[in-house]
$ cat model31.cif   # mmCIF, C-alpha atoms
data_coords
#
loop_
_atom_site.group_PDB
_atom_site.id
_atom_site.type_symbol
_atom_site.label_atom_id
_atom_site.label_comp_id
_atom_site.auth_asym_id
_atom_site.auth_seq_id
_atom_site.Cartn_x
_atom_site.Cartn_y
_atom_site.Cartn_z
ATOM 1 C CA MET Q 25 8.568 -54.118 -2.523
ATOM 2 C CA LEU Q 26 9.425 -55.142 -6.090
ATOM 3 C CA ARG Q 27 11.792 -58.140 -6.316
ATOM 4 C CA VAL Q 28 14.213 -58.060 -9.265
ATOM 5 C CA LEU Q 29 16.503 -60.979 -10.139
ATOM 6 C CA VAL Q 30 19.571 -59.865 -12.125
ATOM 7 C CA VAL Q 31 21.377 -62.625 -14.051
ATOM 8 C CA ASP Q 32 24.873 -61.827 -15.369
ATOM 9 C CA ASP Q 33 28.094 -63.832 -15.322
ATOM 10 C CA LEU Q 34 30.330 -60.750 -14.953
ATOM 11 C CA ALA Q 35 30.729 -59.481 -11.393
ATOM 12 C CA VAL Q 36 31.582 -55.982 -12.647
ATOM 13 C CA ASP Q 37 28.284 -55.782 -14.542
ATOM 14 C CA ARG Q 38 26.344 -57.057 -11.532
ATOM 15 C CA ARG Q 39 27.908 -54.331 -9.396
ATOM 16 C CA TRP Q 40 27.100 -51.724 -12.071
ATOM 17 C CA ILE Q 41 23.451 -52.756 -12.231
ATOM 18 C CA ALA Q 42 23.300 -52.789 -8.434
ATOM 19 C CA GLU Q 43 24.529 -49.197 -8.390
ATOM 20 C CA LEU Q 44 21.954 -48.181 -11.003
ATOM 21 C CA LEU Q 45 19.112 -49.696 -8.974
ATOM 22 C CA ARG Q 46 20.366 -48.962 -5.439
ATOM 23 C CA PRO Q 47 18.788 -45.463 -5.148
ATOM 24 C CA GLU Q 48 15.282 -46.942 -5.549
ATOM 25 C CA PRO Q 49 13.981 -47.993 -2.108
ATOM 26 C CA PHE Q 50 11.060 -49.971 -3.565
ATOM 27 C CA LEU Q 51 13.414 -52.486 -5.249
ATOM 28 C CA GLU Q 52 14.837 -55.643 -3.677
ATOM 29 C CA VAL Q 53 17.608 -56.858 -6.001
ATOM 30 C CA TRP Q 54 18.874 -60.448 -6.129
ATOM 31 C CA PHE Q 55 21.700 -61.807 -8.273
ATOM 32 C CA ALA Q 56 22.655 -64.975 -10.153
ATOM 33 C CA SER Q 57 25.705 -65.590 -12.328
ATOM 34 C CA HIS Q 58 24.021 -67.797 -14.972
ATOM 35 C CA GLY Q 59 20.686 -69.270 -15.972
ATOM 36 C CA LEU Q 60 20.831 -72.473 -13.917
ATOM 37 C CA GLU Q 61 21.588 -70.525 -10.762
ATOM 38 C CA ALA Q 62 18.719 -68.156 -11.587
ATOM 39 C CA LEU Q 63 16.244 -71.042 -11.955
ATOM 40 C CA ALA Q 64 17.407 -72.517 -8.639
ATOM 41 C CA ARG Q 65 16.783 -69.182 -6.914
ATOM 42 C CA MET Q 66 13.364 -68.871 -8.543
ATOM 43 C CA ALA Q 67 12.414 -72.349 -7.310
ATOM 44 C CA GLU Q 68 13.032 -71.096 -3.764
ATOM 45 C CA GLN Q 69 11.344 -67.704 -4.099
ATOM 46 C CA LEU Q 70 9.833 -66.016 -7.139
ATOM 47 C CA PRO Q 71 10.955 -62.546 -8.190
ATOM 48 C CA ASP Q 72 8.598 -60.078 -9.840
ATOM 49 C CA VAL Q 73 10.939 -59.423 -12.790
ATOM 50 C CA VAL Q 74 14.071 -61.077 -14.220
ATOM 51 C CA VAL Q 75 16.777 -58.949 -15.880
ATOM 52 C CA THR Q 76 19.278 -61.098 -17.765
ATOM 53 C CA ASP Q 77 22.349 -60.850 -19.931
ATOM 54 C CA LEU Q 78 22.335 -62.967 -23.072
ATOM 55 C CA MET Q 79 25.883 -64.331 -23.293
ATOM 56 C CA MET Q 80 26.564 -66.534 -20.231
ATOM 57 C CA PRO Q 81 28.068 -69.959 -19.423
ATOM 58 C CA GLU Q 82 26.066 -72.941 -18.110
ATOM 59 C CA MET Q 83 22.773 -71.583 -19.488
ATOM 60 C CA ASP Q 84 22.617 -68.483 -21.675
ATOM 61 C CA GLY Q 85 19.920 -65.827 -21.753
ATOM 62 C CA LEU Q 86 17.977 -67.391 -24.624
ATOM 63 C CA GLU Q 87 17.760 -70.739 -22.834
ATOM 64 C CA LEU Q 88 16.776 -68.950 -19.629
ATOM 65 C CA VAL Q 89 13.939 -67.099 -21.380
ATOM 66 C CA GLU Q 90 12.562 -70.414 -22.673
ATOM 67 C CA ALA Q 91 12.885 -72.098 -19.269
ATOM 68 C CA ILE Q 92 11.139 -69.254 -17.442
ATOM 69 C CA ARG Q 93 8.304 -69.183 -19.958
ATOM 70 C CA GLU Q 94 7.803 -72.930 -19.468
ATOM 71 C CA ARG Q 95 8.156 -73.053 -15.652
ATOM 72 C CA PHE Q 96 7.198 -69.551 -14.479
ATOM 73 C CA PRO Q 97 5.099 -67.985 -17.282
ATOM 74 C CA GLN Q 98 3.831 -65.202 -15.009
ATOM 75 C CA ILE Q 99 7.375 -63.778 -14.533
ATOM 76 C CA PRO Q 100 8.469 -61.279 -17.254
ATOM 77 C CA VAL Q 101 12.070 -61.261 -18.519
ATOM 78 C CA ILE Q 102 14.000 -58.162 -19.600
ATOM 79 C CA LEU Q 103 17.089 -58.681 -21.767
ATOM 80 C CA ILE Q 104 20.335 -56.721 -21.594
ATOM 81 C CA THR Q 105 21.709 -56.493 -25.123
ATOM 82 C CA SER Q 106 25.197 -55.566 -26.282
ATOM 83 C CA GLN Q 107 27.142 -55.378 -29.515
ATOM 84 C CA GLY Q 108 27.286 -58.849 -31.024
ATOM 85 C CA SER Q 109 24.116 -60.171 -29.342
ATOM 86 C CA GLN Q 110 21.527 -58.372 -31.461
ATOM 87 C CA GLU Q 111 20.299 -61.349 -33.500
ATOM 88 C CA LEU Q 112 20.107 -63.498 -30.359
ATOM 89 C CA ALA Q 113 18.087 -60.741 -28.671
ATOM 90 C CA VAL Q 114 15.529 -60.706 -31.490
ATOM 91 C CA GLU Q 115 15.181 -64.487 -31.172
ATOM 92 C CA ALA Q 116 14.721 -64.211 -27.393
ATOM 93 C CA LEU Q 117 11.976 -61.608 -27.854
ATOM 94 C CA GLN Q 118 10.245 -63.966 -30.264
ATOM 95 C CA ARG Q 119 10.495 -66.809 -27.728
ATOM 96 C CA GLY Q 120 8.998 -64.969 -24.784
ATOM 97 C CA ALA Q 121 11.086 -62.108 -23.372
ATOM 98 C CA ALA Q 122 9.006 -59.069 -22.404
ATOM 99 C CA SER Q 123 11.427 -56.278 -23.365
ATOM 100 C CA TYR Q 124 15.082 -55.372 -23.755
ATOM 101 C CA VAL Q 125 17.508 -52.619 -22.762
ATOM 102 C CA PRO Q 126 20.736 -51.913 -24.696
ATOM 103 C CA LYS Q 127 23.690 -52.122 -22.298
ATOM 104 C CA ALA Q 128 24.911 -48.738 -23.496
ATOM 105 C CA GLN Q 129 21.525 -47.202 -22.579
ATOM 106 C CA MET Q 130 20.955 -48.876 -19.194
ATOM 107 C CA HIS Q 131 21.472 -45.653 -17.255
ATOM 108 C CA LEU Q 132 18.656 -44.104 -19.291
ATOM 109 C CA SER Q 133 16.047 -46.836 -19.517
ATOM 110 C CA LEU Q 134 16.700 -49.857 -17.232
ATOM 111 C CA LEU Q 135 14.740 -48.582 -14.232
ATOM 112 C CA GLU Q 136 11.912 -47.250 -16.417
ATOM 113 C CA THR Q 137 11.662 -50.579 -18.251
ATOM 114 C CA ILE Q 138 11.569 -52.548 -14.980
ATOM 115 C CA ARG Q 139 8.768 -50.328 -13.700
ATOM 116 C CA THR Q 140 6.755 -50.621 -16.924
ATOM 117 C CA VAL Q 141 7.124 -54.382 -17.335
ATOM 118 C CA SER Q 142 6.413 -55.166 -13.671
ATOM 119 C CA ASP Q 143 3.407 -52.870 -13.681
ATOM 120 C CA LEU Q 144 1.961 -54.547 -16.787
ATOM 121 C CA ALA Q 145 2.677 -58.008 -15.316
ATOM 122 C CA ALA Q 146 0.777 -57.338 -12.068
ATOM 123 C CA ARG Q 147 -2.166 -59.679 -11.717
ATOM 124 C CA ARG Q 148 -5.575 -58.632 -10.401
ATOM 125 C CA ARG Q 149 -7.392 -61.314 -8.416
ATOM 126 C CA ASP Q 150 -10.755 -59.672 -7.688
ATOM 127 C CA ARG Q 151 -12.481 -60.685 -10.928
ATOM 128 C CA CYS Q 152 -16.144 -60.283 -11.653
ATOM 129 C CA ARG Q 153 -17.911 -63.563 -12.586
ATOM 130 C CA LEU Q 154 -19.933 -61.758 -15.221
ATOM 131 C CA LEU Q 155 -16.770 -60.852 -17.160
ATOM 132 C CA ARG Q 156 -15.815 -64.536 -17.290
ATOM 133 C CA CYS Q 157 -18.820 -64.963 -19.582
ATOM 134 C CA LEU Q 158 -17.652 -62.221 -21.938
ATOM 135 C CA TRP Q 159 -17.609 -63.316 -25.593
ATOM 136 C CA ARG Q 160 -16.832 -60.110 -27.471
ATOM 137 C CA HIS Q 161 -15.840 -56.630 -26.367
ATOM 138 C CA GLY Q 162 -15.366 -53.344 -28.200
ATOM 139 C CA CYS Q 163 -14.281 -50.036 -26.677
ATOM 140 C CA ARG Q 164 -12.907 -46.601 -27.550
ATOM 141 C CA PHE Q 165 -10.896 -44.160 -25.430
ATOM 142 C CA VAL Q 166 -9.865 -40.545 -26.012
ATOM 143 C CA LEU Q 167 -6.833 -39.674 -23.865
ATOM 144 C CA PRO Q 168 -4.847 -36.523 -23.143
ATOM 145 C CA ASN Q 169 -1.042 -36.509 -23.462
ATOM 146 C CA ASP Q 170 -0.592 -38.232 -20.103
ATOM 147 C CA LEU Q 171 1.023 -41.662 -19.967
ATOM 148 C CA GLY Q 172 -0.354 -42.042 -16.445
ATOM 149 C CA MET Q 173 -3.836 -42.090 -17.989
ATOM 150 C CA ALA Q 174 -2.723 -44.621 -20.595
ATOM 151 C CA ARG Q 175 -1.649 -47.298 -18.119
ATOM 152 C CA PRO Q 176 -5.138 -47.934 -16.667
ATOM 153 C CA VAL Q 177 -6.345 -48.393 -20.242
ATOM 154 C CA LEU Q 178 -3.595 -50.983 -20.844
ATOM 155 C CA HIS Q 179 -4.593 -52.858 -17.681
ATOM 156 C CA TYR Q 180 -8.219 -52.785 -18.813
ATOM 157 C CA LEU Q 181 -7.379 -54.228 -22.246
ATOM 158 C CA GLN Q 182 -5.070 -56.910 -20.806
ATOM 159 C CA GLU Q 183 -7.788 -57.869 -18.346
ATOM 160 C CA HIS Q 184 -10.336 -58.407 -21.095
ATOM 161 C CA LEU Q 185 -7.863 -60.415 -23.176
ATOM 162 C CA GLY Q 186 -7.670 -62.759 -20.205
ATOM 163 C CA TYR Q 187 -11.440 -63.007 -19.795
ATOM 164 C CA LEU Q 188 -11.803 -63.842 -23.489
ATOM 165 C CA GLY Q 189 -9.008 -66.445 -23.356
ATOM 166 C CA LEU Q 190 -7.248 -64.966 -26.362
ATOM 167 C CA CYS Q 191 -3.716 -65.529 -25.025
ATOM 168 C CA ASP Q 192 -1.828 -66.726 -21.968
ATOM 169 C CA GLN Q 193 -0.322 -64.566 -19.216
ATOM 170 C CA THR Q 194 3.030 -64.191 -20.978
ATOM 171 C CA GLU Q 195 1.379 -63.070 -24.207
ATOM 172 C CA ARG Q 196 -0.855 -60.620 -22.341
ATOM 173 C CA ILE Q 197 2.229 -58.966 -20.891
ATOM 174 C CA ARG Q 198 3.804 -58.788 -24.353
ATOM 175 C CA VAL Q 199 0.619 -57.304 -25.851
ATOM 176 C CA GLY Q 200 0.692 -54.726 -23.068
ATOM 177 C CA ILE Q 201 4.306 -53.835 -23.897
ATOM 178 C CA ALA Q 202 3.406 -53.395 -27.590
ATOM 179 C CA LEU Q 203 0.449 -51.171 -26.698
ATOM 180 C CA GLU Q 204 2.581 -49.143 -24.297
ATOM 181 C CA GLU Q 205 5.155 -48.549 -27.028
ATOM 182 C CA ALA Q 206 2.461 -47.514 -29.517
ATOM 183 C CA LEU Q 207 0.947 -45.096 -26.996
ATOM 184 C CA SER Q 208 4.364 -43.641 -26.149
ATOM 185 C CA ASN Q 209 5.058 -43.126 -29.851
ATOM 186 C CA ALA Q 210 1.671 -41.443 -30.305
ATOM 187 C CA MET Q 211 2.236 -39.155 -27.340
ATOM 188 C CA TYR Q 212 5.900 -38.204 -27.595
ATOM 189 C CA HIS Q 213 6.744 -38.598 -31.280
ATOM 190 C CA GLY Q 214 3.255 -37.886 -32.629
ATOM 191 C CA ASN Q 215 1.479 -35.258 -30.545
ATOM 192 C CA LEU Q 216 4.574 -33.641 -28.983
ATOM 193 C CA GLU Q 217 6.722 -34.103 -32.137
ATOM 194 C CA LEU Q 218 9.841 -35.250 -30.231
ATOM 195 C CA SER Q 219 12.464 -37.475 -31.862
ATOM 196 C CA SER Q 220 14.197 -40.533 -30.428
ATOM 197 C CA GLN Q 221 17.440 -39.272 -31.947
ATOM 198 C CA MET Q 222 17.250 -36.199 -29.696
ATOM 199 C CA ARG Q 223 16.847 -38.385 -26.619
ATOM 200 C CA GLU Q 224 19.996 -40.317 -27.548
ATOM 201 C CA SER Q 225 22.117 -37.260 -28.327
ATOM 202 C CA ALA Q 226 20.680 -34.545 -26.067
ATOM 203 C CA GLU Q 227 18.742 -36.113 -23.190
ATOM 204 C CA GLU Q 228 18.343 -32.926 -21.125
ATOM 205 C CA GLU Q 229 17.078 -30.972 -24.123
ATOM 206 C CA TYR Q 230 14.655 -33.814 -24.941
ATOM 207 C CA TYR Q 231 13.016 -33.713 -21.499
ATOM 208 C CA ARG Q 232 13.049 -29.913 -21.380
ATOM 209 C CA LEU Q 233 11.217 -29.783 -24.708
ATOM 210 C CA MET Q 234 8.797 -32.510 -23.577
ATOM 211 C CA TRP Q 235 7.852 -30.485 -20.494
ATOM 212 C CA GLN Q 236 7.526 -27.283 -22.538
ATOM 213 C CA ARG Q 237 5.354 -28.758 -25.298
ATOM 214 C CA SER Q 238 3.078 -30.588 -22.882
ATOM 215 C CA ARG Q 239 1.957 -27.106 -21.722
ATOM 216 C CA GLN Q 240 2.155 -25.267 -25.054
ATOM 217 C CA LEU Q 241 -0.382 -24.992 -27.878
ATOM 218 C CA PRO Q 242 -1.033 -26.721 -30.219
ATOM 219 C CA TYR Q 243 0.734 -29.712 -28.646
ATOM 220 C CA ALA Q 244 -1.034 -29.568 -25.259
ATOM 221 C CA ASN Q 245 -4.553 -29.891 -26.713
ATOM 222 C CA ARG Q 246 -3.838 -32.905 -28.914
ATOM 223 C CA ARG Q 247 -5.464 -36.212 -28.030
ATOM 224 C CA ILE Q 248 -4.781 -39.933 -28.497
ATOM 225 C CA TYR Q 249 -7.576 -42.160 -29.804
ATOM 226 C CA ILE Q 250 -7.602 -45.849 -28.855
ATOM 227 C CA SER Q 251 -10.095 -48.392 -30.141
ATOM 228 C CA ALA Q 252 -10.138 -52.129 -29.535
ATOM 229 C CA ASP Q 253 -12.261 -54.967 -30.896
ATOM 230 C CA LEU Q 254 -11.640 -58.115 -28.834
ATOM 231 C CA SER Q 255 -12.886 -61.671 -29.292
ATOM 232 C CA PRO Q 256 -11.584 -65.144 -28.318
ATOM 233 C CA GLN Q 257 -10.019 -65.483 -31.786
ATOM 234 C CA GLU Q 258 -8.551 -62.039 -32.451
ATOM 235 C CA ALA Q 259 -7.861 -58.596 -30.987
ATOM 236 C CA VAL Q 260 -7.616 -55.520 -33.212
ATOM 237 C CA PHE Q 261 -6.146 -52.355 -31.687
ATOM 238 C CA VAL Q 262 -6.070 -48.959 -33.423
ATOM 239 C CA ILE Q 263 -4.077 -46.075 -31.901
ATOM 240 C CA GLU Q 264 -4.191 -42.640 -33.541
ATOM 241 C CA ASP Q 265 -2.625 -39.301 -32.598
ATOM 242 C CA GLU Q 266 -3.224 -35.731 -33.796
ATOM 243 C CA GLY Q 267 0.369 -35.013 -34.795
ATOM 244 C CA PRO Q 268 1.598 -34.364 -38.338
ATOM 245 C CA GLY Q 269 2.630 -38.008 -38.808
ATOM 246 C CA PHE Q 270 5.600 -39.379 -40.750
ATOM 247 C CA ASP Q 271 6.390 -41.381 -43.846
ATOM 248 C CA PRO Q 272 6.117 -45.073 -42.798
ATOM 249 C CA SER Q 273 8.142 -46.128 -45.849
ATOM 250 C CA LYS Q 274 11.178 -44.389 -44.335
ATOM 251 C CA LEU Q 275 11.119 -46.341 -41.069
ATOM 252 C CA PRO Q 276 14.529 -47.968 -40.394
ATOM 253 C CA ASP Q 277 14.501 -51.750 -40.163
ATOM 254 C CA PRO Q 278 14.439 -52.340 -36.375
ATOM 255 C CA THR Q 279 15.648 -55.949 -36.789
ATOM 256 C CA ASP Q 280 18.844 -54.794 -38.518
ATOM 257 C CA PRO Q 281 21.659 -55.464 -36.004
ATOM 258 C CA ALA Q 282 23.025 -52.008 -36.784
ATOM 259 C CA ASN Q 283 19.808 -50.449 -35.424
ATOM 260 C CA LEU Q 284 19.091 -52.717 -32.446
ATOM 261 C CA GLU Q 285 21.311 -50.788 -30.027
ATOM 262 C CA LYS Q 286 19.521 -47.507 -30.770
ATOM 263 C CA LEU Q 287 16.527 -46.213 -28.823
ATOM 264 C CA SER Q 288 14.968 -45.057 -32.090
ATOM 265 C CA GLY Q 289 13.035 -47.956 -33.602
ATOM 266 C CA ARG Q 290 12.998 -49.958 -30.348
ATOM 267 C CA GLY Q 291 9.248 -49.504 -29.950
ATOM 268 C CA ILE Q 292 8.556 -50.588 -33.536
ATOM 269 C CA LEU Q 293 10.620 -53.753 -33.013
ATOM 270 C CA LEU Q 294 8.665 -54.675 -29.873
ATOM 271 C CA MET Q 295 5.332 -53.966 -31.583
ATOM 272 C CA GLN Q 296 6.214 -56.059 -34.635
ATOM 273 C CA THR Q 297 7.583 -58.912 -32.513
ATOM 274 C CA PHE Q 298 4.680 -59.145 -30.061
ATOM 275 C CA MET Q 299 1.781 -58.591 -32.491
ATOM 276 C CA ASP Q 300 0.851 -60.727 -35.490
ATOM 277 C CA GLU Q 301 0.293 -57.713 -37.744
ATOM 278 C CA VAL Q 302 1.302 -54.039 -37.501
ATOM 279 C CA HIS Q 303 0.167 -51.514 -40.120
ATOM 280 C CA PHE Q 304 0.559 -47.721 -40.323
ATOM 281 C CA ASN Q 305 -1.734 -45.488 -42.337
ATOM 282 C CA SER Q 306 -0.245 -43.477 -45.197
ATOM 283 C CA THR Q 307 0.246 -40.350 -43.071
ATOM 284 C CA GLY Q 308 1.875 -42.241 -40.209
ATOM 285 C CA ASN Q 309 -0.364 -40.986 -37.380
ATOM 286 C CA ARG Q 310 -2.439 -44.169 -36.977
ATOM 287 C CA VAL Q 311 -1.242 -47.715 -36.277
ATOM 288 C CA THR Q 312 -3.365 -50.865 -36.419
ATOM 289 C CA MET Q 313 -2.108 -53.921 -34.514
ATOM 290 C CA ILE Q 314 -3.639 -57.391 -34.614
ATOM 291 C CA LYS Q 315 -3.118 -60.225 -32.130
ATOM 292 C CA ARG Q 316 -4.563 -63.680 -32.862
ATOM 293 C CA TRP Q 317 -5.262 -66.641 -30.587
ATOM 294 C CA ASN Q 318 -2.024 -68.551 -30.016
ATOM 295 C CA GLY Q 319 -3.454 -71.832 -28.801
ATOM 296 C CA ARG Q 320 -1.957 -71.475 -25.311
ATOM 297 C CA SER Q 321 -5.082 -70.303 -23.483
ATOM 298 C CA SER Q 322 -8.746 -71.226 -23.226
ATOM 299 C CA ILE Q 323 -11.988 -69.292 -23.294
ATOM 300 C CA GLY Q 324 -12.774 -67.645 -19.952
ATOM 301 C CA ASN Q 325 -9.230 -67.875 -18.554
ATOM 302 C CA ALA Q 326 -9.146 -64.586 -16.661
ATOM 303 C CA PRO Q 327 -5.883 -62.812 -15.717
#

$ encode --input "model31.cif" --output "structure tokens"
Amino acid sequence: MLRVLVVDDLAVDRRWIAELLRPEPFLEVWFASHGLEALARMAEQLPDVVVTDLMMPEMDGLELVEAIRERFPQIPVILITSQGSQELAVEALQRGAASYVPKAQMHLSLLETIRTVSDLAARRRDRCRLLRCLWRHGCRFVLPNDLGMARPVLHYLQEHLGYLGLCDQTERIRVGIALEEALSNAMYHGNLELSSQMRESAEEEYYRLMWQRSRQLPYANRRIYISADLSPQEAVFVIEDEGPGFDPSKLPDPTDPANLEKLSGRGILLMQTFMDEVHFNSTGNRVTMIKRWNGRSSIGNAP
């Protein structure tokens, strides 16, 4: 059972979220009307994920993100953004939130985001003592267009970040989110050549085309290439697809409040916020992301 704490001061929004999540039997949903109430509930029993609005009395979403990172760093926070809260949302992501969902898109992506974030936040306890002595690690994967195959790779990379002590638990979750977004972009927008704009305007057509292209040449035979060079000081990730690419100079600014409510560009924003450097090659089918030691962990601190 996955425990989700929803924090929102508006009863109508709490009921709406409850209806969105009710059909999922694996979810146990709790509620709080503001940040202080949420922290009191967490002191009694920890949820697996917190979903919070930003604009609330008593303690707003930004303050709640900071408090959870300080007191319960293993618990990821998902923001609900709305018109007028975009700049605050960017600040909350920078201060520790794991992801965000535009309020207008909750019916499309809230449940998926909860699943992804909670899955990446899951901690493995059966650690090998040999890996605690790891000092440097390099690896390369070649994956088919199957996000189910990508998630074990993400767990593997997060695990080794912990063994190397590069970043704390919160940062490992955020690195995992950035990698997940890069892999999704490589798979859907790169190899399958699907656009985020289509998903926003024609959701059924988007998924129909995704299913069709995943079984149709040349899309079905394309691969995703992942390489990682990890050390206690720095992690360098390179993700490349076999699609035609795009012009990186034409990417919309994902931090522009006018773009924050759109699904298109959401992945780029998360990647740029959670990594120290993000660079695309000139053809747009390879991204290099760098994460440096943040001073919050120590060598050998396994997940």

$ residues_near_point --input "model31.cif" --point "(4.4, -34.6, -38.4)" --cutoff "7 Å" --atoms "all atoms listed in the file" --output "PyMOL selection string"
chain Q and resi 214+217+267-270

$ residues_around --input "model31.cif" --residues "Q:Ala64" --least-positions-apart "4" --cutoff "12 Å" --atoms "all atoms listed in the file" --output "list in words"
Leu29, Val31, Phe55, Ala56, Ser57, His58, Gly59, Leu60, Glu68, Gln69, Leu70, Pro71, Leu88, Ala91, Ile92 and Arg95 of chain Q

$ closest_residue --input "model31.cif" --among "Q:Val53, Q:Val262, Q:Leu134, Q:Leu216" --to "Q:Asp170" --atoms "all atoms listed in the file"
Q:Leu216

$ residues_around --input "model31.cif" --residues "Q:Val260" --least-positions-apart "4" --cutoff "7 Å" --atoms "all atoms listed in the file" --output "ChimeraX atom specification"
/Q:252-254,313-315

$ atom_distance --input "model31.cif" --atom1 "atom CA of Q:Val177" --atom2 "atom CA of Q:Ile99"
21.4 Å

$ atom_distance --input "model31.cif" --atom1 "atom CA of Q:Ala116" --atom2 "atom CA of Q:Ile250"
28.9 Å

$ build_atoms --input "model31.cif" --residues "stretch 93-99 of chain Q" --atoms "all heavy atoms" --output "PDB file, in the frame of the given file"
ATOM      1  N   ARG Q  93       9.642 -69.156 -19.352  1.00  0.00           N
ATOM      2  CA  ARG Q  93       8.304 -69.183 -19.958  1.00  0.00           C
ATOM      3  C   ARG Q  93       7.622 -70.524 -19.699  1.00  0.00           C
ATOM      4  O   ARG Q  93       6.410 -70.581 -19.487  1.00  0.00           O
ATOM      5  CB  ARG Q  93       8.388 -68.914 -21.453  1.00  0.00           C
ATOM      6  CG  ARG Q  93       7.010 -68.966 -22.102  1.00  0.00           C
ATOM      7  CD  ARG Q  93       6.934 -68.275 -23.417  1.00  0.00           C
ATOM      8  NE  ARG Q  93       5.550 -68.161 -23.853  1.00  0.00           N
ATOM      9  CZ  ARG Q  93       5.161 -67.605 -24.966  1.00  0.00           C
ATOM     10  NH1 ARG Q  93       6.054 -67.085 -25.783  1.00  0.00           N
ATOM     11  NH2 ARG Q  93       3.893 -67.538 -25.300  1.00  0.00           N
ATOM     12  N   GLU Q  94       8.384 -71.607 -19.692  1.00  0.00           N
ATOM     13  CA  GLU Q  94       7.803 -72.930 -19.468  1.00  0.00           C
ATOM     14  C   GLU Q  94       7.445 -73.145 -18.002  1.00  0.00           C
ATOM     15  O   GLU Q  94       6.371 -73.669 -17.686  1.00  0.00           O
ATOM     16  CB  GLU Q  94       8.784 -74.010 -19.921  1.00  0.00           C
ATOM     17  CG  GLU Q  94       8.275 -75.423 -19.716  1.00  0.00           C
ATOM     18  CD  GLU Q  94       9.270 -76.482 -20.165  1.00  0.00           C
ATOM     19  OE1 GLU Q  94      10.269 -76.119 -20.812  1.00  0.00           O
ATOM     20  OE2 GLU Q  94       9.041 -77.658 -19.851  1.00  0.00           O
ATOM     21  N   ARG Q  95       8.357 -72.733 -17.071  1.00  0.00           N
ATOM     22  CA  ARG Q  95       8.156 -73.053 -15.652  1.00  0.00           C
ATOM     23  C   ARG Q  95       7.459 -71.941 -14.872  1.00  0.00           C
ATOM     24  O   ARG Q  95       6.712 -72.220 -13.926  1.00  0.00           O
ATOM     25  CB  ARG Q  95       9.507 -73.341 -14.991  1.00  0.00           C
ATOM     26  CG  ARG Q  95      10.291 -74.453 -15.650  1.00  0.00           C
ATOM     27  CD  ARG Q  95      11.569 -74.728 -14.888  1.00  0.00           C
ATOM     28  NE  ARG Q  95      12.551 -75.422 -15.692  1.00  0.00           N
ATOM     29  CZ  ARG Q  95      13.752 -75.793 -15.264  1.00  0.00           C
ATOM     30  NH1 ARG Q  95      14.112 -75.514 -14.016  1.00  0.00           N
ATOM     31  NH2 ARG Q  95      14.597 -76.413 -16.074  1.00  0.00           N
ATOM     32  N   PHE Q  96       7.740 -70.695 -15.232  1.00  0.00           N
ATOM     33  CA  PHE Q  96       7.198 -69.551 -14.479  1.00  0.00           C
ATOM     34  C   PHE Q  96       6.629 -68.521 -15.465  1.00  0.00           C
ATOM     35  O   PHE Q  96       7.145 -67.410 -15.579  1.00  0.00           O
ATOM     36  CB  PHE Q  96       8.290 -68.903 -13.621  1.00  0.00           C
ATOM     37  CG  PHE Q  96       9.104 -69.871 -12.810  1.00  0.00           C
ATOM     38  CD1 PHE Q  96      10.392 -70.229 -13.206  1.00  0.00           C
ATOM     39  CD2 PHE Q  96       8.588 -70.438 -11.649  1.00  0.00           C
ATOM     40  CE1 PHE Q  96      11.148 -71.116 -12.463  1.00  0.00           C
ATOM     41  CE2 PHE Q  96       9.335 -71.333 -10.896  1.00  0.00           C
ATOM     42  CZ  PHE Q  96      10.617 -71.685 -11.294  1.00  0.00           C
ATOM     43  N   PRO Q  97       5.572 -68.859 -16.188  1.00  0.00           N
ATOM     44  CA  PRO Q  97       5.099 -67.985 -17.282  1.00  0.00           C
ATOM     45  C   PRO Q  97       4.602 -66.624 -16.811  1.00  0.00           C
ATOM     46  O   PRO Q  97       4.487 -65.704 -17.613  1.00  0.00           O
ATOM     47  CB  PRO Q  97       3.965 -68.801 -17.921  1.00  0.00           C
ATOM     48  CG  PRO Q  97       3.522 -69.742 -16.853  1.00  0.00           C
ATOM     49  CD  PRO Q  97       4.751 -70.082 -16.075  1.00  0.00           C
ATOM     50  N   GLN Q  98       4.313 -66.484 -15.508  1.00  0.00           N
ATOM     51  CA  GLN Q  98       3.831 -65.202 -15.009  1.00  0.00           C
ATOM     52  C   GLN Q  98       4.957 -64.205 -14.746  1.00  0.00           C
ATOM     53  O   GLN Q  98       4.699 -63.027 -14.481  1.00  0.00           O
ATOM     54  CB  GLN Q  98       3.027 -65.408 -13.712  1.00  0.00           C
ATOM     55  CG  GLN Q  98       3.857 -65.724 -12.472  1.00  0.00           C
ATOM     56  CD  GLN Q  98       4.195 -67.208 -12.339  1.00  0.00           C
ATOM     57  OE1 GLN Q  98       4.238 -67.938 -13.317  1.00  0.00           O
ATOM     58  NE2 GLN Q  98       4.428 -67.633 -11.114  1.00  0.00           N
ATOM     59  N   ILE Q  99       6.230 -64.647 -14.844  1.00  0.00           N
ATOM     60  CA  ILE Q  99       7.375 -63.778 -14.533  1.00  0.00           C
ATOM     61  C   ILE Q  99       7.934 -63.199 -15.833  1.00  0.00           C
ATOM     62  O   ILE Q  99       8.431 -63.945 -16.686  1.00  0.00           O
ATOM     63  CB  ILE Q  99       8.491 -64.549 -13.791  1.00  0.00           C
ATOM     64  CG1 ILE Q  99       7.923 -65.254 -12.560  1.00  0.00           C
ATOM     65  CG2 ILE Q  99       9.614 -63.594 -13.403  1.00  0.00           C
ATOM     66  CD1 ILE Q  99       7.309 -64.310 -11.537  1.00  0.00           C
TER      67      ILE Q  99
END
